[in-house]
Structures are given as C-alpha cells and as structure tokens.
>>> print(open('upload_23.txt').read())   # compact mmCIF, N, CA and C atoms
# COMPACT_ATOMS: atom_id res chain seq x y z
N MET J 1 -39.69 39.16 -40.21
CA MET J 1 -38.61 38.28 -39.87
C MET J 1 -38.01 37.71 -41.16
N SER J 2 -36.70 37.75 -41.23
CA SER J 2 -36.02 37.27 -42.44
C SER J 2 -35.96 35.74 -42.45
N GLN J 3 -35.65 35.20 -43.61
CA GLN J 3 -35.53 33.75 -43.74
C GLN J 3 -34.42 33.23 -42.84
N GLU J 4 -33.34 33.99 -42.73
CA GLU J 4 -32.22 33.58 -41.88
C GLU J 4 -32.65 33.49 -40.42
N GLU J 5 -33.45 34.45 -39.96
CA GLU J 5 -33.95 34.42 -38.58
C GLU J 5 -34.89 33.23 -38.37
N ARG J 6 -35.74 32.95 -39.36
CA ARG J 6 -36.65 31.80 -39.25
C ARG J 6 -35.85 30.50 -39.20
N ASP J 7 -34.82 30.41 -40.02
CA ASP J 7 -33.98 29.22 -40.02
C ASP J 7 -33.29 29.04 -38.66
N ALA J 8 -32.78 30.13 -38.11
CA ALA J 8 -32.11 30.07 -36.82
C ALA J 8 -33.08 29.64 -35.72
N ARG J 9 -34.29 30.18 -35.75
CA ARG J 9 -35.30 29.79 -34.76
C ARG J 9 -35.65 28.32 -34.89
N GLN J 10 -35.74 27.86 -36.12
CA GLN J 10 -36.05 26.45 -36.36
C GLN J 10 -34.92 25.56 -35.83
N GLN J 11 -33.69 25.98 -36.03
CA GLN J 11 -32.55 25.22 -35.54
C GLN J 11 -32.52 25.20 -34.01
N VAL J 12 -32.86 26.31 -33.39
CA VAL J 12 -32.91 26.37 -31.93
C VAL J 12 -33.98 25.42 -31.41
N GLU J 13 -35.14 25.40 -32.05
CA GLU J 13 -36.21 24.50 -31.64
C GLU J 13 -35.80 23.04 -31.85
N GLU J 14 -35.13 22.77 -32.94
CA GLU J 14 -34.64 21.42 -33.19
C GLU J 14 -33.65 21.01 -32.11
N TYR J 15 -32.79 21.94 -31.72
CA TYR J 15 -31.81 21.68 -30.66
C TYR J 15 -32.52 21.37 -29.35
N ARG J 16 -33.52 22.17 -29.01
CA ARG J 16 -34.28 21.93 -27.78
C ARG J 16 -34.91 20.54 -27.77
N GLN J 17 -35.47 20.16 -28.91
CA GLN J 17 -36.10 18.84 -29.01
C GLN J 17 -35.06 17.73 -28.86
N LEU J 18 -33.90 17.92 -29.44
CA LEU J 18 -32.82 16.93 -29.28
C LEU J 18 -32.41 16.80 -27.82
N VAL J 19 -32.30 17.93 -27.13
CA VAL J 19 -31.92 17.90 -25.71
C VAL J 19 -32.97 17.14 -24.91
N LEU J 20 -34.24 17.40 -25.17
CA LEU J 20 -35.30 16.70 -24.45
C LEU J 20 -35.27 15.20 -24.72
N ARG J 21 -35.08 14.84 -25.97
CA ARG J 21 -34.99 13.41 -26.32
C ARG J 21 -33.77 12.77 -25.67
N TYR J 22 -32.65 13.48 -25.68
CA TYR J 22 -31.42 12.96 -25.06
C TYR J 22 -31.64 12.73 -23.57
N GLU J 23 -32.20 13.72 -22.88
CA GLU J 23 -32.42 13.61 -21.44
C GLU J 23 -33.39 12.48 -21.11
N ALA J 24 -34.45 12.33 -21.91
CA ALA J 24 -35.42 11.25 -21.68
C ALA J 24 -34.76 9.89 -21.87
N LEU J 25 -33.97 9.75 -22.91
CA LEU J 25 -33.30 8.48 -23.16
C LEU J 25 -32.26 8.19 -22.09
N ASP J 26 -31.57 9.21 -21.64
CA ASP J 26 -30.58 9.04 -20.57
C ASP J 26 -31.26 8.53 -19.30
N GLU J 27 -32.41 9.08 -18.98
CA GLU J 27 -33.16 8.62 -17.81
C GLU J 27 -33.64 7.18 -18.01
N GLU J 28 -34.07 6.85 -19.22
CA GLU J 28 -34.51 5.49 -19.52
C GLU J 28 -33.35 4.50 -19.34
N ILE J 29 -32.17 4.89 -19.79
CA ILE J 29 -30.99 4.04 -19.63
C ILE J 29 -30.67 3.87 -18.16
N ASP J 30 -30.70 4.95 -17.40
CA ASP J 30 -30.44 4.86 -15.96
C ASP J 30 -31.42 3.92 -15.27
N ALA J 31 -32.70 4.04 -15.61
CA ALA J 31 -33.72 3.18 -15.02
C ALA J 31 -33.48 1.72 -15.41
N PHE J 32 -33.12 1.49 -16.65
CA PHE J 32 -32.85 0.14 -17.12
C PHE J 32 -31.67 -0.46 -16.37
N LEU J 33 -30.60 0.31 -16.25
CA LEU J 33 -29.42 -0.17 -15.53
C LEU J 33 -29.74 -0.46 -14.06
N ASN J 34 -30.51 0.42 -13.44
CA ASN J 34 -30.89 0.20 -12.05
C ASN J 34 -31.72 -1.07 -11.90
N ALA J 35 -32.62 -1.31 -12.83
CA ALA J 35 -33.45 -2.51 -12.80
C ALA J 35 -32.62 -3.78 -12.98
N GLN J 36 -31.48 -3.65 -13.64
CA GLN J 36 -30.58 -4.78 -13.88
C GLN J 36 -29.53 -4.91 -12.77
N GLY J 37 -29.65 -4.10 -11.76
CA GLY J 37 -28.66 -4.14 -10.69
C GLY J 37 -27.39 -3.38 -11.00
N GLY J 38 -27.37 -2.68 -12.13
CA GLY J 38 -26.24 -1.84 -12.49
C GLY J 38 -24.99 -2.60 -12.92
N LYS J 39 -25.14 -3.89 -13.18
CA LYS J 39 -23.97 -4.70 -13.51
C LYS J 39 -24.08 -5.23 -14.93
N LEU J 40 -23.33 -4.63 -15.82
CA LEU J 40 -23.34 -5.04 -17.22
C LEU J 40 -22.88 -6.48 -17.41
N ASP J 41 -21.91 -6.88 -16.64
CA ASP J 41 -21.35 -8.22 -16.81
C ASP J 41 -22.30 -9.33 -16.35
N GLU J 42 -23.39 -8.96 -15.67
CA GLU J 42 -24.36 -9.96 -15.23
C GLU J 42 -25.65 -9.92 -16.05
N MET J 43 -25.70 -9.09 -17.07
CA MET J 43 -26.89 -8.99 -17.91
C MET J 43 -26.98 -10.16 -18.88
N THR J 44 -28.22 -10.48 -19.24
CA THR J 44 -28.40 -11.48 -20.30
C THR J 44 -27.95 -10.86 -21.61
N GLU J 45 -27.74 -11.69 -22.59
CA GLU J 45 -27.32 -11.19 -23.91
C GLU J 45 -28.37 -10.25 -24.49
N ALA J 46 -29.65 -10.58 -24.31
CA ALA J 46 -30.74 -9.75 -24.82
C ALA J 46 -30.75 -8.39 -24.12
N ASP J 47 -30.57 -8.38 -22.79
CA ASP J 47 -30.55 -7.12 -22.05
C ASP J 47 -29.34 -6.28 -22.44
N LEU J 48 -28.22 -6.92 -22.63
CA LEU J 48 -27.01 -6.20 -23.04
C LEU J 48 -27.18 -5.59 -24.43
N THR J 49 -27.81 -6.34 -25.32
CA THR J 49 -28.08 -5.83 -26.66
C THR J 49 -29.01 -4.62 -26.59
N HIS J 50 -30.05 -4.72 -25.75
CA HIS J 50 -30.99 -3.60 -25.59
C HIS J 50 -30.27 -2.37 -25.02
N TYR J 51 -29.43 -2.58 -24.02
CA TYR J 51 -28.67 -1.48 -23.43
C TYR J 51 -27.78 -0.83 -24.49
N ARG J 52 -27.09 -1.63 -25.28
CA ARG J 52 -26.19 -1.09 -26.29
C ARG J 52 -26.95 -0.29 -27.35
N GLN J 53 -28.15 -0.76 -27.71
CA GLN J 53 -28.96 -0.02 -28.68
C GLN J 53 -29.36 1.35 -28.13
N MET J 54 -29.79 1.36 -26.86
CA MET J 54 -30.16 2.64 -26.24
C MET J 54 -28.96 3.56 -26.14
N ALA J 55 -27.82 3.01 -25.75
CA ALA J 55 -26.61 3.82 -25.61
C ALA J 55 -26.18 4.39 -26.96
N ARG J 56 -26.32 3.59 -28.01
CA ARG J 56 -25.97 4.05 -29.36
C ARG J 56 -26.90 5.20 -29.79
N GLN J 57 -28.19 5.05 -29.50
CA GLN J 57 -29.15 6.12 -29.82
C GLN J 57 -28.79 7.39 -29.07
N ARG J 58 -28.44 7.25 -27.78
CA ARG J 58 -28.05 8.41 -26.99
C ARG J 58 -26.81 9.07 -27.58
N ASP J 59 -25.84 8.28 -27.99
CA ASP J 59 -24.63 8.83 -28.62
C ASP J 59 -24.96 9.57 -29.91
N ASP J 60 -25.88 9.00 -30.70
CA ASP J 60 -26.29 9.66 -31.95
C ASP J 60 -26.97 11.00 -31.66
N LEU J 61 -27.82 11.02 -30.64
CA LEU J 61 -28.47 12.28 -30.26
C LEU J 61 -27.44 13.31 -29.82
N LEU J 62 -26.47 12.87 -29.04
CA LEU J 62 -25.42 13.78 -28.58
C LEU J 62 -24.62 14.34 -29.76
N ASN J 63 -24.31 13.48 -30.72
CA ASN J 63 -23.59 13.95 -31.91
C ASN J 63 -24.42 14.98 -32.68
N ASP J 64 -25.73 14.74 -32.80
CA ASP J 64 -26.60 15.71 -33.47
C ASP J 64 -26.64 17.03 -32.71
N MET J 65 -26.69 16.93 -31.38
CA MET J 65 -26.68 18.14 -30.56
C MET J 65 -25.39 18.93 -30.77
N ARG J 66 -24.27 18.24 -30.77
CA ARG J 66 -22.97 18.91 -30.95
C ARG J 66 -22.88 19.59 -32.31
N ALA J 67 -23.41 18.95 -33.33
CA ALA J 67 -23.39 19.54 -34.67
C ALA J 67 -24.22 20.83 -34.69
N LEU J 68 -25.39 20.79 -34.08
CA LEU J 68 -26.22 22.00 -34.03
C LEU J 68 -25.58 23.08 -33.17
N GLU J 69 -24.92 22.68 -32.10
CA GLU J 69 -24.22 23.65 -31.26
C GLU J 69 -23.19 24.42 -32.08
N GLN J 70 -22.50 23.73 -32.95
CA GLN J 70 -21.52 24.40 -33.79
C GLN J 70 -22.20 25.37 -34.76
N LEU J 71 -23.31 24.94 -35.35
CA LEU J 71 -24.04 25.83 -36.27
C LEU J 71 -24.58 27.06 -35.56
N LEU J 72 -25.04 26.86 -34.32
CA LEU J 72 -25.64 27.95 -33.56
C LEU J 72 -24.63 28.71 -32.71
N HIS J 73 -23.37 28.27 -32.76
CA HIS J 73 -22.29 28.89 -32.00
C HIS J 73 -22.58 28.85 -30.50
N ILE J 74 -23.05 27.68 -30.04
CA ILE J 74 -23.30 27.48 -28.62
C ILE J 74 -22.05 26.85 -28.02
N THR J 75 -21.61 27.43 -26.89
CA THR J 75 -20.48 26.86 -26.16
C THR J 75 -20.90 26.62 -24.72
N GLU J 76 -20.11 25.83 -24.00
CA GLU J 76 -20.42 25.59 -22.60
C GLU J 76 -20.39 26.88 -21.79
N ASP J 77 -19.64 27.88 -22.26
CA ASP J 77 -19.57 29.15 -21.56
C ASP J 77 -20.86 29.95 -21.68
N ASP J 78 -21.76 29.54 -22.60
CA ASP J 78 -23.02 30.26 -22.81
C ASP J 78 -24.06 29.94 -21.75
N ASP J 79 -23.80 28.96 -20.89
CA ASP J 79 -24.78 28.55 -19.87
C ASP J 79 -25.14 29.66 -18.95
>>> encode(input="upload_23.txt", output="structure tokens")
Amino acid sequence: MSQEERDARQQVEEYRQLVLRYEALDEEIDAFLNAQGGKLDEMTEADLTHYRQMARQRDDLLNDMRALEQLLHITEDDD
C-alpha cells in the first residue's frame, strides 16, 4: 500500500470518527433541549450558555466534516 493510500484511509477513518462525534453531540443537544421543554427563551442563562457551547462544538465538527468531504471528494450524491 502506498503512502497516498494510507493517508486516504486515515482521512476516511478521521471522517468516520467526526461523523460519530457529530451524531452523538447532536443527540446530546436534542436530549438537553427536550429536558428544558424545548424552549430557548425560557432557559436559565447557564442552560442557554451550555446549549450554545454544545451547538458551537457541533458546528465546528460539521465544518471539519465538510473540509474532509472536499479532500475526499465526497458529495451528497455518493450516498
């Protein structure tokens, strides 16, 4: 196996891990919102701050996923 193939496999594995982390965090956010009654405007300042931190992390993971998708030439049509 060439170095290029090893690098590509490593990037694919990194992408898979990002997807798993994204999905887990997304579920955590959903559970948090459900526990709060789903109403952002009724959250305490601390809960709102926690929600925003989780949402920011999820956005960062999504950005990392999109960057790797471009490197790996993954499109939505590849599903």
>>> select_by_dssp(input="upload_23.txt", residues="chain J", states="helix (DSSP H, G or I)", output="PyMOL selection string")
chain J and resi 3-35+40-42+45-72+76-78
>>> closest_residue(input="upload_23.txt", among="J:Arg21, J:Asp7, J:Thr49, J:Glu14", to="Leu61 (chain J)", atoms="all atoms listed in the file")
J:Arg21
>>> residues_around(input="upload_23.txt", residues="Tyr51 (chain J)", least_positions_apart="5", cutoff="8 Å", atoms="all atoms listed in the file", output="list in words")
Ile29, Phe32, Leu33, Glu45, Ala46, Arg56 and Gln57 of chain J
>>> atom_distance(input="upload_23.txt", atom1="CA of Asn63 (chain J)", atom2="CA of Leu48 (chain J)")
22.3 Å
>>> atom_distance(input="upload_23.txt", atom1="CA of Ala8 (chain J)", atom2="atom C of Leu71 (chain J)")
8.2 Å
>>> atom_distance(input="upload_23.txt", atom1="CA of Asp60 (chain J)", atom2="CA of Glu23 (chain J)")
12.8 Å
>>> residues_around(input="upload_23.txt", residues="Leu72 (chain J)", least_positions_apart="5", cutoff="9 Å", atoms="only C-alpha atoms", output="list of chain:residue names")
J:Ala8, J:Gln11, J:Val12, J:Ala67
>>> write_last_selection(input="upload_23.txt", atoms="N, CA and C atoms", output="compact mmCIF listing (two decimals), keeping the file's coordinate frame")
# COMPACT_ATOMS: atom_id res chain seq x y z
N ALA J 8 -32.78 30.13 -38.11
CA ALA J 8 -32.11 30.07 -36.82
C ALA J 8 -33.08 29.64 -35.72
N GLN J 11 -33.69 25.98 -36.03
CA GLN J 11 -32.55 25.22 -35.54
C GLN J 11 -32.52 25.20 -34.01
N VAL J 12 -32.86 26.31 -33.39
CA VAL J 12 -32.91 26.37 -31.93
C VAL J 12 -33.98 25.42 -31.41
N ALA J 67 -23.41 18.95 -33.33
CA ALA J 67 -23.39 19.54 -34.67
C ALA J 67 -24.22 20.83 -34.69
>>> closest_residue(input="upload_23.txt", among="J:Glu42, J:His50, J:Ile74, J:Leu18", to="Leu62 (chain J)", atoms="only N, CA and C atoms")
J:Leu18
